[in-house]
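Shown next: run.cif, containing mmCIF, C-alpha atoms, pLDDT in the B column; chains and numbers go by the auth columns.
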```
data_coords
loop_
_atom_site.group_PDB
_atom_site.id
_atom_site.type_symbol
_atom_site.label_atom_id
_atom_site.label_comp_id
_atom_site.label_asym_id
_atom_site.label_seq_id
_atom_site.Cartn_x
_atom_site.Cartn_y
_atom_site.Cartn_z
_atom_site.B_iso_or_equiv
_atom_site.auth_seq_id
_atom_site.auth_asym_id
ATOM 1 C CA MET A 1 13.585 90.613 83.362 69.00 1204 C
ATOM 2 C CA PRO A 2 16.453 90.405 85.876 81.00 1205 C
ATOM 3 C CA TYR A 3 19.054 87.666 85.680 88.00 1206 C
ATOM 4 C CA PRO A 4 18.862 84.961 88.365 90.00 1207 C
ATOM 5 C CA GLU A 5 20.524 86.148 91.571 91.00 1208 C
ATOM 6 C CA MET A 6 22.735 83.051 91.580 92.00 1209 C
ATOM 7 C CA LEU A 7 24.286 84.308 88.341 91.00 1210 C
ATOM 8 C CA VAL A 8 24.875 87.909 89.426 95.00 1211 C
ATOM 9 C CA ALA A 9 25.959 87.252 93.025 95.00 1212 C
ATOM 10 C CA PRO A 10 29.666 86.896 92.081 95.00 1213 C
ATOM 11 C CA MET A 11 29.452 90.155 90.095 95.00 1214 C
ATOM 12 C CA ARG A 12 28.027 91.908 93.147 96.00 1215 C
ATOM 13 C CA GLN A 13 30.734 90.437 95.358 96.00 1216 C
ATOM 14 C CA ASP A 14 33.505 91.835 93.147 96.00 1217 C
ATOM 15 C CA LEU A 15 32.655 95.233 94.642 98.00 1218 C
ATOM 16 C CA VAL A 16 31.224 94.295 98.044 98.00 1219 C
ATOM 17 C CA ARG A 17 34.365 92.423 99.064 97.00 1220 C
ATOM 18 C CA ILE A 18 36.465 95.559 98.514 97.00 1221 C
ATOM 19 C CA GLY A 19 34.214 97.702 100.697 97.00 1222 C
ATOM 20 C CA PHE A 20 31.320 98.850 98.521 98.00 1223 C
ATOM 21 C CA GLN A 21 27.864 99.289 100.008 98.00 1224 C
ATOM 22 C CA GLU A 22 25.126 97.896 97.794 97.00 1225 C
ATOM 23 C CA LEU A 23 22.158 100.197 97.406 98.00 1226 C
ATOM 24 C CA LYS A 24 19.026 98.233 96.572 97.00 1227 C
ATOM 25 C CA SER A 25 16.227 100.768 97.112 98.00 1228 C
ATOM 26 C CA ALA A 26 15.533 104.412 96.346 97.00 1229 C
ATOM 27 C CA ASP A 27 15.640 105.217 100.069 97.00 1230 C
ATOM 28 C CA GLU A 28 19.100 103.646 100.408 97.00 1231 C
ATOM 29 C CA VAL A 29 20.294 105.660 97.404 97.00 1232 C
ATOM 30 C CA ASP A 30 18.999 108.917 98.867 96.00 1233 C
ATOM 31 C CA ALA A 31 20.591 108.199 102.239 95.00 1234 C
ATOM 32 C CA ALA A 32 23.967 107.425 100.651 95.00 1235 C
ATOM 33 C CA LEU A 33 24.114 109.961 97.818 94.00 1236 C
ATOM 34 C CA GLY A 34 22.393 112.982 99.298 87.00 1237 C
ATOM 35 C CA GLU A 35 24.276 115.977 100.610 77.00 1238 C
ATOM 36 C CA THR A 36 26.677 114.010 102.783 78.00 1239 C
ATOM 37 C CA GLY A 37 29.592 116.445 102.738 85.00 1240 C
ATOM 38 C CA GLU A 38 31.993 113.708 101.689 92.00 1241 C
ATOM 39 C CA PRO A 39 33.042 112.331 98.290 95.00 1242 C
ATOM 40 C CA VAL A 40 30.915 109.348 97.260 97.00 1243 C
ATOM 41 C CA LEU A 41 31.858 106.929 94.498 98.00 1244 C
ATOM 42 C CA VAL A 42 28.861 105.360 92.769 98.00 1245 C
ATOM 43 C CA VAL A 43 29.441 102.356 90.540 98.00 1246 C
ATOM 44 C CA VAL A 44 26.597 101.364 88.237 98.00 1247 C
ATOM 45 C CA ASN A 45 27.360 97.662 87.973 98.00 1248 C
ATOM 46 C CA SER A 46 26.304 95.484 85.063 96.00 1249 C
ATOM 47 C CA VAL A 47 26.463 91.920 83.754 94.00 1250 C
ATOM 48 C CA CYS A 48 28.124 93.045 80.507 92.00 1251 C
ATOM 49 C CA GLY A 49 31.620 92.126 79.484 91.00 1252 C
ATOM 50 C CA CYS A 50 33.005 95.656 79.783 92.00 1253 C
ATOM 51 C CA ALA A 51 31.932 95.677 83.436 95.00 1254 C
ATOM 52 C CA ALA A 52 33.582 92.317 84.097 94.00 1255 C
ATOM 53 C CA GLY A 53 36.709 92.853 82.034 94.00 1256 C
ATOM 54 C CA GLY A 54 37.220 96.565 82.511 96.00 1257 C
ATOM 55 C CA MET A 55 35.186 98.494 85.021 97.00 1258 C
ATOM 56 C CA ARG A 56 35.129 96.249 88.119 97.00 1259 C
ATOM 57 C CA PRO A 57 38.839 95.347 87.933 97.00 1260 C
ATOM 58 C CA ALA A 58 39.699 99.013 87.284 98.00 1261 C
ATOM 59 C CA VAL A 59 37.740 100.190 90.298 98.00 1262 C
ATOM 60 C CA ALA A 60 39.483 97.614 92.491 97.00 1263 C
ATOM 61 C CA LEU A 61 42.924 98.636 91.170 97.00 1264 C
ATOM 62 C CA SER A 62 42.173 102.317 91.678 97.00 1265 C
ATOM 63 C CA LEU A 63 41.421 101.796 95.360 97.00 1266 C
ATOM 64 C CA ARG A 64 44.435 99.623 96.256 94.00 1267 C
ATOM 65 C CA ASP A 65 46.610 102.543 97.319 83.00 1268 C
ATOM 66 C CA GLU A 66 45.096 103.542 100.636 79.00 1269 C
ATOM 67 C CA LYS A 67 47.572 106.418 101.065 86.00 1270 C
ATOM 68 C CA GLY A 68 46.435 108.440 98.075 88.00 1271 C
ATOM 69 C CA PRO A 69 43.258 110.463 97.803 94.00 1272 C
ATOM 70 C CA ARG A 70 40.122 108.410 97.400 94.00 1273 C
ATOM 71 C CA PRO A 71 36.379 108.709 97.937 95.00 1274 C
ATOM 72 C CA THR A 72 35.188 108.440 101.515 92.00 1275 C
ATOM 73 C CA ARG A 73 32.149 106.333 100.640 96.00 1276 C
ATOM 74 C CA LEU A 74 31.967 103.508 98.120 98.00 1277 C
ATOM 75 C CA THR A 75 28.511 102.614 96.808 98.00 1278 C
ATOM 76 C CA THR A 76 27.035 100.550 94.012 98.00 1279 C
ATOM 77 C CA VAL A 77 23.758 99.886 92.257 98.00 1280 C
ATOM 78 C CA PHE A 78 23.191 97.009 89.848 97.00 1281 C
ATOM 79 C CA ALA A 79 21.581 97.962 86.537 97.00 1282 C
ATOM 80 C CA GLY A 80 18.922 95.540 85.371 94.00 1283 C
ATOM 81 C CA GLN A 81 18.776 93.893 88.793 96.00 1284 C
ATOM 82 C CA ASP A 82 17.986 96.568 91.373 96.00 1285 C
ATOM 83 C CA VAL A 83 15.834 98.673 89.076 96.00 1286 C
ATOM 84 C CA GLU A 84 14.410 101.077 91.685 97.00 1287 C
ATOM 85 C CA ALA A 85 17.842 101.867 93.136 98.00 1288 C
ATOM 86 C CA THR A 86 19.456 102.270 89.718 98.00 1289 C
ATOM 87 C CA THR A 87 16.698 104.552 88.487 98.00 1290 C
ATOM 88 C CA ARG A 88 17.022 106.723 91.596 98.00 1291 C
ATOM 89 C CA ALA A 89 20.836 106.818 91.389 98.00 1292 C
ATOM 90 C CA ARG A 90 20.637 107.988 87.783 98.00 1293 C
ATOM 91 C CA GLU A 91 18.492 110.915 88.928 97.00 1294 C
ATOM 92 C CA TYR A 92 21.641 112.150 90.688 97.00 1295 C
ATOM 93 C CA PHE A 93 23.401 112.258 87.285 97.00 1296 C
ATOM 94 C CA PRO A 94 21.525 115.032 85.436 96.00 1297 C
ATOM 95 C CA GLY A 95 22.886 115.718 81.993 95.00 1298 C
ATOM 96 C CA TYR A 96 24.173 112.160 81.594 97.00 1299 C
ATOM 97 C CA ARG A 97 22.321 109.493 79.667 96.00 1300 C
ATOM 98 C CA PRO A 98 21.679 106.174 81.433 96.00 1301 C
ATOM 99 C CA SER A 99 24.851 104.149 81.139 94.00 1302 C
ATOM 100 C CA SER A 100 25.880 100.810 82.508 96.00 1303 C
ATOM 101 C CA PRO A 101 28.459 100.244 83.538 97.00 1304 C
ATOM 102 C CA ALA A 102 29.342 103.700 84.768 98.00 1305 C
ATOM 103 C CA VAL A 103 31.276 105.296 87.602 98.00 1306 C
ATOM 104 C CA ALA A 104 30.320 108.630 89.145 98.00 1307 C
ATOM 105 C CA LEU A 105 31.981 110.714 91.800 97.00 1308 C
ATOM 106 C CA LEU A 106 29.573 112.867 93.787 96.00 1309 C
ATOM 107 C CA HIS A 107 30.119 115.587 96.347 93.00 1310 C
ATOM 108 C CA GLU A 108 27.254 117.216 98.229 91.00 1311 C
ATOM 109 C CA GLY A 109 24.856 115.159 96.092 91.00 1312 C
ATOM 110 C CA GLU A 110 26.199 116.583 92.814 94.00 1313 C
ATOM 111 C CA VAL A 111 28.214 114.834 90.099 96.00 1314 C
ATOM 112 C CA VAL A 112 31.743 116.216 89.968 96.00 1315 C
ATOM 113 C CA TRP A 113 33.088 113.538 87.622 98.00 1316 C
ATOM 114 C CA MET A 114 31.632 110.725 85.497 98.00 1317 C
ATOM 115 C CA LEU A 115 32.959 107.762 83.523 98.00 1318 C
ATOM 116 C CA GLU A 116 30.395 106.387 81.088 97.00 1319 C
ATOM 117 C CA ARG A 117 30.164 103.078 79.241 97.00 1320 C
ATOM 118 C CA HIS A 118 31.527 104.499 75.981 96.00 1321 C
ATOM 119 C CA GLN A 119 34.637 105.606 77.918 97.00 1322 C
ATOM 120 C CA ILE A 120 35.026 102.142 79.484 97.00 1323 C
ATOM 121 C CA GLU A 121 34.483 99.875 76.489 95.00 1324 C
ATOM 122 C CA GLY A 122 37.658 98.550 74.923 94.00 1325 C
ATOM 123 C CA HIS A 123 40.014 99.886 77.593 96.00 1326 C
ATOM 124 C CA HIS A 124 42.226 97.862 79.889 96.00 1327 C
ATOM 125 C CA PRO A 125 41.651 97.965 83.664 98.00 1328 C
ATOM 126 C CA GLU A 126 45.061 99.519 84.293 97.00 1329 C
ATOM 127 C CA MET A 127 44.295 102.483 82.027 97.00 1330 C
ATOM 128 C CA LEU A 128 40.838 102.933 83.550 98.00 1331 C
ATOM 129 C CA ALA A 129 42.309 102.715 87.070 98.00 1332 C
ATOM 130 C CA SER A 130 44.704 105.524 86.174 97.00 1333 C
ATOM 131 C CA VAL A 131 41.791 107.661 84.983 98.00 1334 C
ATOM 132 C CA LEU A 132 39.909 106.929 88.221 98.00 1335 C
ATOM 133 C CA LYS A 133 42.918 107.839 90.371 97.00 1336 C
ATOM 134 C CA LYS A 134 43.235 111.172 88.567 97.00 1337 C
ATOM 135 C CA ALA A 135 39.570 111.848 89.341 98.00 1338 C
ATOM 136 C CA TYR A 136 40.168 111.036 93.007 97.00 1339 C
ATOM 137 C CA GLU A 137 43.153 113.402 93.064 96.00 1340 C
ATOM 138 C CA ALA A 138 41.074 116.184 91.553 96.00 1341 C
ATOM 139 C CA HIS A 139 37.918 115.719 93.633 95.00 1342 C
ATOM 140 C CA CYS A 140 38.711 113.926 96.896 94.00 1343 C
#
```
Turn this file's structure into structure tokens for me.
Amino acid sequence: MPYPEMLVAPMRQDLVRIGFQELKSADEVDAALGETGEPVLVVVNSVCGCAAGGMRPAVALSLRDEKGPRPTRLTTVFAGQDVEATTRAREYFPGYRPSSPAVALLHEGEVVWMLERHQIEGHHPEMLASVLKKAYEAHC
């Protein structure tokens, strides 16, 4: 059962206010993640502590430098809240188990890089931001 929207709204806004497009349906996911020809960052958001203390701050830090390489499109789905969208987004991540939080970088609808929950847990935002920036440099 999803958490009350009043509780998760601030968690959504952590990403929306820095330019992320929320994807709340399978159709929105397909339109955003399909073969767009541009790098797309997909953040699988979550209410867990490693999302709040690690992943969301790391993503924000990684995108601060507007001069360096970065994904063209920033998108997010919310695990446990927007079930249809999250399920569809995960179909774009073949070979990866469902993970939330998670961060994926797609190009032409294919995963070129992925950061899963087990790689996020216990790490500081600054370290995770560095890992994200290296992925942007390699794939954007």
Given the choices C:Ser1265, C:Gln1322, C:Thr1278, C:Gln1284, which gets closest to Ala1338 of chain C if the distance is worked out from all atoms listed in the file?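 Among C:Ser1265, C:Gln1322, C:Thr1278, C:Gln1284, it is C:Ser1265 that comes nearest to Ala1338 of chain C.
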Distance criterion (only C-alpha atoms): nearest to Tyr1299 of chain C out of C:Glu1319, C:Val1280, C:Leu1236, C:His1327: C:Glu1319
From the list C:Gly1222, C:Pro1304, C:Pro1213, C:Lys1270, the nearest residue to Val1246 of chain C using only C-alpha atoms is C:Pro1304
Shortest interatomic distance to Glu1329 of chain C - which of C:Arg1293, C:Arg1267, C:His1342, C:His1310, counting only C-alpha atoms: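 When distances to Glu1329 of chain C are compared using only C-alpha atoms, the smallest one comes from C:Arg1267.
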Between segment 1261-1337 of chain C and segment 1223-1230 of chain C, at 9 Å or less, what are the per-residue closest atom pairs and their distances in Å? Count all atoms listed in the file, order by chain and rising residue number, and return it as JSON lines.
```
{"residue": "C:Arg1276", "atom": "CA", "partner": "C:Phe1223", "partner_atom": "CA", "distance": 7.8}
{"residue": "C:Leu1277", "atom": "CA", "partner": "C:Phe1223", "partner_atom": "CA", "distance": 4.7}
{"residue": "C:Thr1278", "atom": "CA", "partner": "C:Gln1224", "partner_atom": "CA", "distance": 4.7}
{"residue": "C:Thr1279", "atom": "CA", "partner": "C:Glu1225", "partner_atom": "CA", "distance": 5.0}
{"residue": "C:Val1280", "atom": "CA", "partner": "C:Leu1226", "partner_atom": "CA", "distance": 5.4}
{"residue": "C:Phe1281", "atom": "CA", "partner": "C:Lys1227", "partner_atom": "CA", "distance": 8.0}
{"residue": "C:Gln1284", "atom": "CA", "partner": "C:Lys1227", "partner_atom": "CA", "distance": 8.9}
{"residue": "C:Asp1285", "atom": "CA", "partner": "C:Lys1227", "partner_atom": "CA", "distance": 5.6}
{"residue": "C:Val1286", "atom": "CA", "partner": "C:Lys1227", "partner_atom": "CA", "distance": 8.2}
{"residue": "C:Glu1287", "atom": "CA", "partner": "C:Ser1228", "partner_atom": "CA", "distance": 5.7}
{"residue": "C:Ala1288", "atom": "CA", "partner": "C:Ser1228", "partner_atom": "CA", "distance": 4.4}
{"residue": "C:Thr1289", "atom": "CA", "partner": "C:Lys1227", "partner_atom": "CA", "distance": 8.0}
{"residue": "C:Thr1290", "atom": "CA", "partner": "C:Ala1229", "partner_atom": "CA", "distance": 7.9}
{"residue": "C:Arg1291", "atom": "CA", "partner": "C:Ala1229", "partner_atom": "CA", "distance": 5.5}
{"residue": "C:Ala1292", "atom": "CA", "partner": "C:Ala1229", "partner_atom": "CA", "distance": 7.6}
```
Which neighbours of Ala1307 of chain C fall inside 7 Å, counting only C-alpha atoms, when residues of the same chain fewer than 6 positions from it are skipped, and could you give them as a list in words? Leu1244, Val1245, Val1246, Val1314, Trp1316, Met1317 and Leu1318 of chain C
What does the structure give for the distance between atom CA of Arg1300 of chain C and atom CA of Arg1220 of chain C, in Å to one decimal?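 Result for atom CA of Arg1300 of chain C versus atom CA of Arg1220 of chain C: 28.5 Å, one decimal.
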Would you write out, as a ChimeraX atom specification, every residue that the PyMOL selection byres ((chain C and resi 1210-1212) around 12) captures in this file? /C:1205-1209,1213-1220,1225,1248-1251,1255,1281-1285
Hey, what's within 9 Å of Cys1343 of chain C if we count all atoms listed in the file and toss same-chain stuff fewer than 2 positions away? As a list in words, please? Glu1241, Pro1242, Pro1272, Arg1273, Pro1274, Thr1275, His1310, Ala1338, Tyr1339, Glu1340 and Ala1341 of chain C
Between atom CA of Val1262 of chain C and atom CA of Leu1335 of chain C, what distance in Å does the model show, to one decimal?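 Calculated distance between atom CA of Val1262 of chain C and atom CA of Leu1335 of chain C is 7.4 Å.
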Taking into account only C-alpha atoms, which residue in the set C:Leu1308, C:Leu1264, C:Glu1313, C:Pro1301 is nearest to Leu1331 of chain C?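 Checking each of C:Leu1308, C:Leu1264, C:Glu1313, C:Pro1301 against Leu1331 of chain C, counting only C-alpha atoms, the winner is C:Leu1264.
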Given all atoms listed in the file as the basis, pick out the residue of C:Gly1312, C:Arg1259, C:Asp1268, C:Ser1302 nearest to Pro1328 of chain C.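 Going through C:Gly1312, C:Arg1259, C:Asp1268, C:Ser1302 one by one, the smallest distance to Pro1328 of chain C is for C:Arg1259.
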Figure out the distance between atom CA of Ser1303 of chain C and atom CA of Gly1252 of chain C, please, to one decimal in Å.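 Here the two named atoms are 10.8 Å from each other.
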So what does the PyMOL selection byres ((chain C and resi 1238) around 6) actually pick up in this one, as an mmCIF file with C-alpha atoms, in the coordinates of the input?
```
data_model
loop_
_atom_site.group_PDB
_atom_site.id
_atom_site.type_symbol
_atom_site.label_atom_id
_atom_site.label_comp_id
_atom_site.auth_asym_id
_atom_site.auth_seq_id
_atom_site.Cartn_x
_atom_site.Cartn_y
_atom_site.Cartn_z
ATOM 1 C CA GLY C 1237 22.393 112.982 99.298
ATOM 2 C CA THR C 1239 26.677 114.010 102.783
ATOM 3 C CA GLY C 1240 29.592 116.445 102.738
ATOM 4 C CA GLU C 1311 27.254 117.216 98.229
ATOM 5 C CA GLY C 1312 24.856 115.159 96.092
#
```
For segment 1278-1289 of chain C, where the input has fewer atoms than it should, I would like all heavy atoms rebuilt and written as a PDB file, in the frame of the given file.
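Dumped to result_7.pdb:
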```
ATOM      1  N   THR C1278      29.863 103.142  96.962  1.00 98.00           N
ATOM      2  CA  THR C1278      28.511 102.614  96.808  1.00 98.00           C
ATOM      3  C   THR C1278      28.323 102.022  95.425  1.00 98.00           C
ATOM      4  O   THR C1278      29.047 102.366  94.488  1.00 98.00           O
ATOM      5  CB  THR C1278      27.452 103.716  97.027  1.00 98.00           C
ATOM      6  OG1 THR C1278      27.587 104.704  95.998  1.00 98.00           O
ATOM      7  CG2 THR C1278      27.590 104.368  98.399  1.00 98.00           C
ATOM      8  N   THR C1279      27.318 101.149  95.300  1.00 98.00           N
ATOM      9  CA  THR C1279      27.035 100.550  94.012  1.00 98.00           C
ATOM     10  C   THR C1279      25.559 100.224  93.868  1.00 98.00           C
ATOM     11  O   THR C1279      24.890  99.897  94.849  1.00 98.00           O
ATOM     12  CB  THR C1279      27.890  99.278  93.788  1.00 98.00           C
ATOM     13  OG1 THR C1279      27.619  98.740  92.486  1.00 98.00           O
ATOM     14  CG2 THR C1279      27.623  98.222  94.831  1.00 98.00           C
ATOM     15  N   VAL C1280      25.078 100.359  92.651  1.00 98.00           N
ATOM     16  CA  VAL C1280      23.758  99.886  92.257  1.00 98.00           C
ATOM     17  C   VAL C1280      23.975  98.926  91.101  1.00 98.00           C
ATOM     18  O   VAL C1280      24.978  99.006  90.405  1.00 98.00           O
ATOM     19  CB  VAL C1280      22.805 101.036  91.842  1.00 98.00           C
ATOM     20  CG1 VAL C1280      22.512 101.951  93.024  1.00 98.00           C
ATOM     21  CG2 VAL C1280      23.355 101.830  90.674  1.00 98.00           C
ATOM     22  N   PHE C1281      23.035  98.008  90.902  1.00 97.00           N
ATOM     23  CA  PHE C1281      23.191  97.009  89.848  1.00 97.00           C
ATOM     24  C   PHE C1281      22.109  97.200  88.798  1.00 97.00           C
ATOM     25  O   PHE C1281      20.941  96.895  89.034  1.00 97.00           O
ATOM     26  CB  PHE C1281      23.141  95.591  90.428  1.00 97.00           C
ATOM     27  CG  PHE C1281      23.890  94.584  89.611  1.00 97.00           C
ATOM     28  CD1 PHE C1281      24.999  93.945  90.136  1.00 97.00           C
ATOM     29  CD2 PHE C1281      23.513  94.276  88.313  1.00 97.00           C
ATOM     30  CE1 PHE C1281      25.708  93.007  89.393  1.00 97.00           C
ATOM     31  CE2 PHE C1281      24.215  93.352  87.558  1.00 97.00           C
ATOM     32  CZ  PHE C1281      25.322  92.719  88.100  1.00 97.00           C
ATOM     33  N   ALA C1282      22.517  97.715  87.639  1.00 97.00           N
ATOM     34  CA  ALA C1282      21.581  97.962  86.537  1.00 97.00           C
ATOM     35  C   ALA C1282      20.944  96.656  86.077  1.00 97.00           C
ATOM     36  O   ALA C1282      21.609  95.636  85.967  1.00 97.00           O
ATOM     37  CB  ALA C1282      22.303  98.624  85.375  1.00 97.00           C
ATOM     38  N   GLY C1283      19.650  96.711  85.841  1.00 94.00           N
ATOM     39  CA  GLY C1283      18.922  95.540  85.371  1.00 94.00           C
ATOM     40  C   GLY C1283      18.530  94.586  86.475  1.00 94.00           C
ATOM     41  O   GLY C1283      17.745  93.676  86.264  1.00 94.00           O
ATOM     42  N   GLN C1284      19.075  94.767  87.652  1.00 96.00           N
ATOM     43  CA  GLN C1284      18.776  93.893  88.793  1.00 96.00           C
ATOM     44  C   GLN C1284      18.001  94.671  89.862  1.00 96.00           C
ATOM     45  O   GLN C1284      16.928  94.285  90.247  1.00 96.00           O
ATOM     46  CB  GLN C1284      20.055  93.324  89.399  1.00 96.00           C
ATOM     47  CG  GLN C1284      20.848  92.440  88.466  1.00 96.00           C
ATOM     48  CD  GLN C1284      20.042  91.231  88.008  1.00 96.00           C
ATOM     49  OE1 GLN C1284      19.805  91.066  86.820  1.00 96.00           O
ATOM     50  NE2 GLN C1284      19.610  90.397  88.920  1.00 96.00           N
ATOM     51  N   ASP C1285      18.598  95.735  90.342  1.00 96.00           N
ATOM     52  CA  ASP C1285      17.986  96.568  91.373  1.00 96.00           C
ATOM     53  C   ASP C1285      17.464  97.822  90.676  1.00 96.00           C
ATOM     54  O   ASP C1285      18.064  98.898  90.750  1.00 96.00           O
ATOM     55  CB  ASP C1285      19.001  96.888  92.468  1.00 96.00           C
ATOM     56  CG  ASP C1285      19.577  95.614  93.083  1.00 96.00           C
ATOM     57  OD1 ASP C1285      18.814  94.651  93.254  1.00 96.00           O
ATOM     58  OD2 ASP C1285      20.778  95.595  93.384  1.00 96.00           O
ATOM     59  N   VAL C1286      16.351  97.651  89.977  1.00 96.00           N
ATOM     60  CA  VAL C1286      15.834  98.673  89.076  1.00 96.00           C
ATOM     61  C   VAL C1286      15.489  99.967  89.816  1.00 96.00           C
ATOM     62  O   VAL C1286      15.857 101.063  89.370  1.00 96.00           O
ATOM     63  CB  VAL C1286      14.611  98.136  88.294  1.00 96.00           C
ATOM     64  CG1 VAL C1286      14.016  99.212  87.408  1.00 96.00           C
ATOM     65  CG2 VAL C1286      15.018  96.921  87.468  1.00 96.00           C
ATOM     66  N   GLU C1287      14.806  99.876  90.937  1.00 97.00           N
ATOM     67  CA  GLU C1287      14.410 101.077  91.685  1.00 97.00           C
ATOM     68  C   GLU C1287      15.639 101.874  92.120  1.00 97.00           C
ATOM     69  O   GLU C1287      15.700 103.090  91.955  1.00 97.00           O
ATOM     70  CB  GLU C1287      13.581 100.676  92.913  1.00 97.00           C
ATOM     71  CG  GLU C1287      13.237 101.829  93.823  1.00 97.00           C
ATOM     72  CD  GLU C1287      12.629 101.388  95.148  1.00 97.00           C
ATOM     73  OE1 GLU C1287      12.051 100.288  95.243  1.00 97.00           O
ATOM     74  OE2 GLU C1287      12.761 102.172  96.108  1.00 97.00           O
ATOM     75  N   ALA C1288      16.629 101.191  92.662  1.00 98.00           N
ATOM     76  CA  ALA C1288      17.842 101.867  93.136  1.00 98.00           C
ATOM     77  C   ALA C1288      18.612 102.480  91.968  1.00 98.00           C
ATOM     78  O   ALA C1288      19.105 103.614  92.068  1.00 98.00           O
ATOM     79  CB  ALA C1288      18.724 100.896  93.899  1.00 98.00           C
ATOM     80  N   THR C1289      18.716 101.764  90.872  1.00 98.00           N
ATOM     81  CA  THR C1289      19.456 102.270  89.718  1.00 98.00           C
ATOM     82  C   THR C1289      18.761 103.488  89.124  1.00 98.00           C
ATOM     83  O   THR C1289      19.415 104.489  88.795  1.00 98.00           O
ATOM     84  CB  THR C1289      19.621 101.167  88.658  1.00 98.00           C
ATOM     85  OG1 THR C1289      20.277 100.044  89.258  1.00 98.00           O
ATOM     86  CG2 THR C1289      20.436 101.653  87.474  1.00 98.00           C
TER      87      THR C1289
END
```
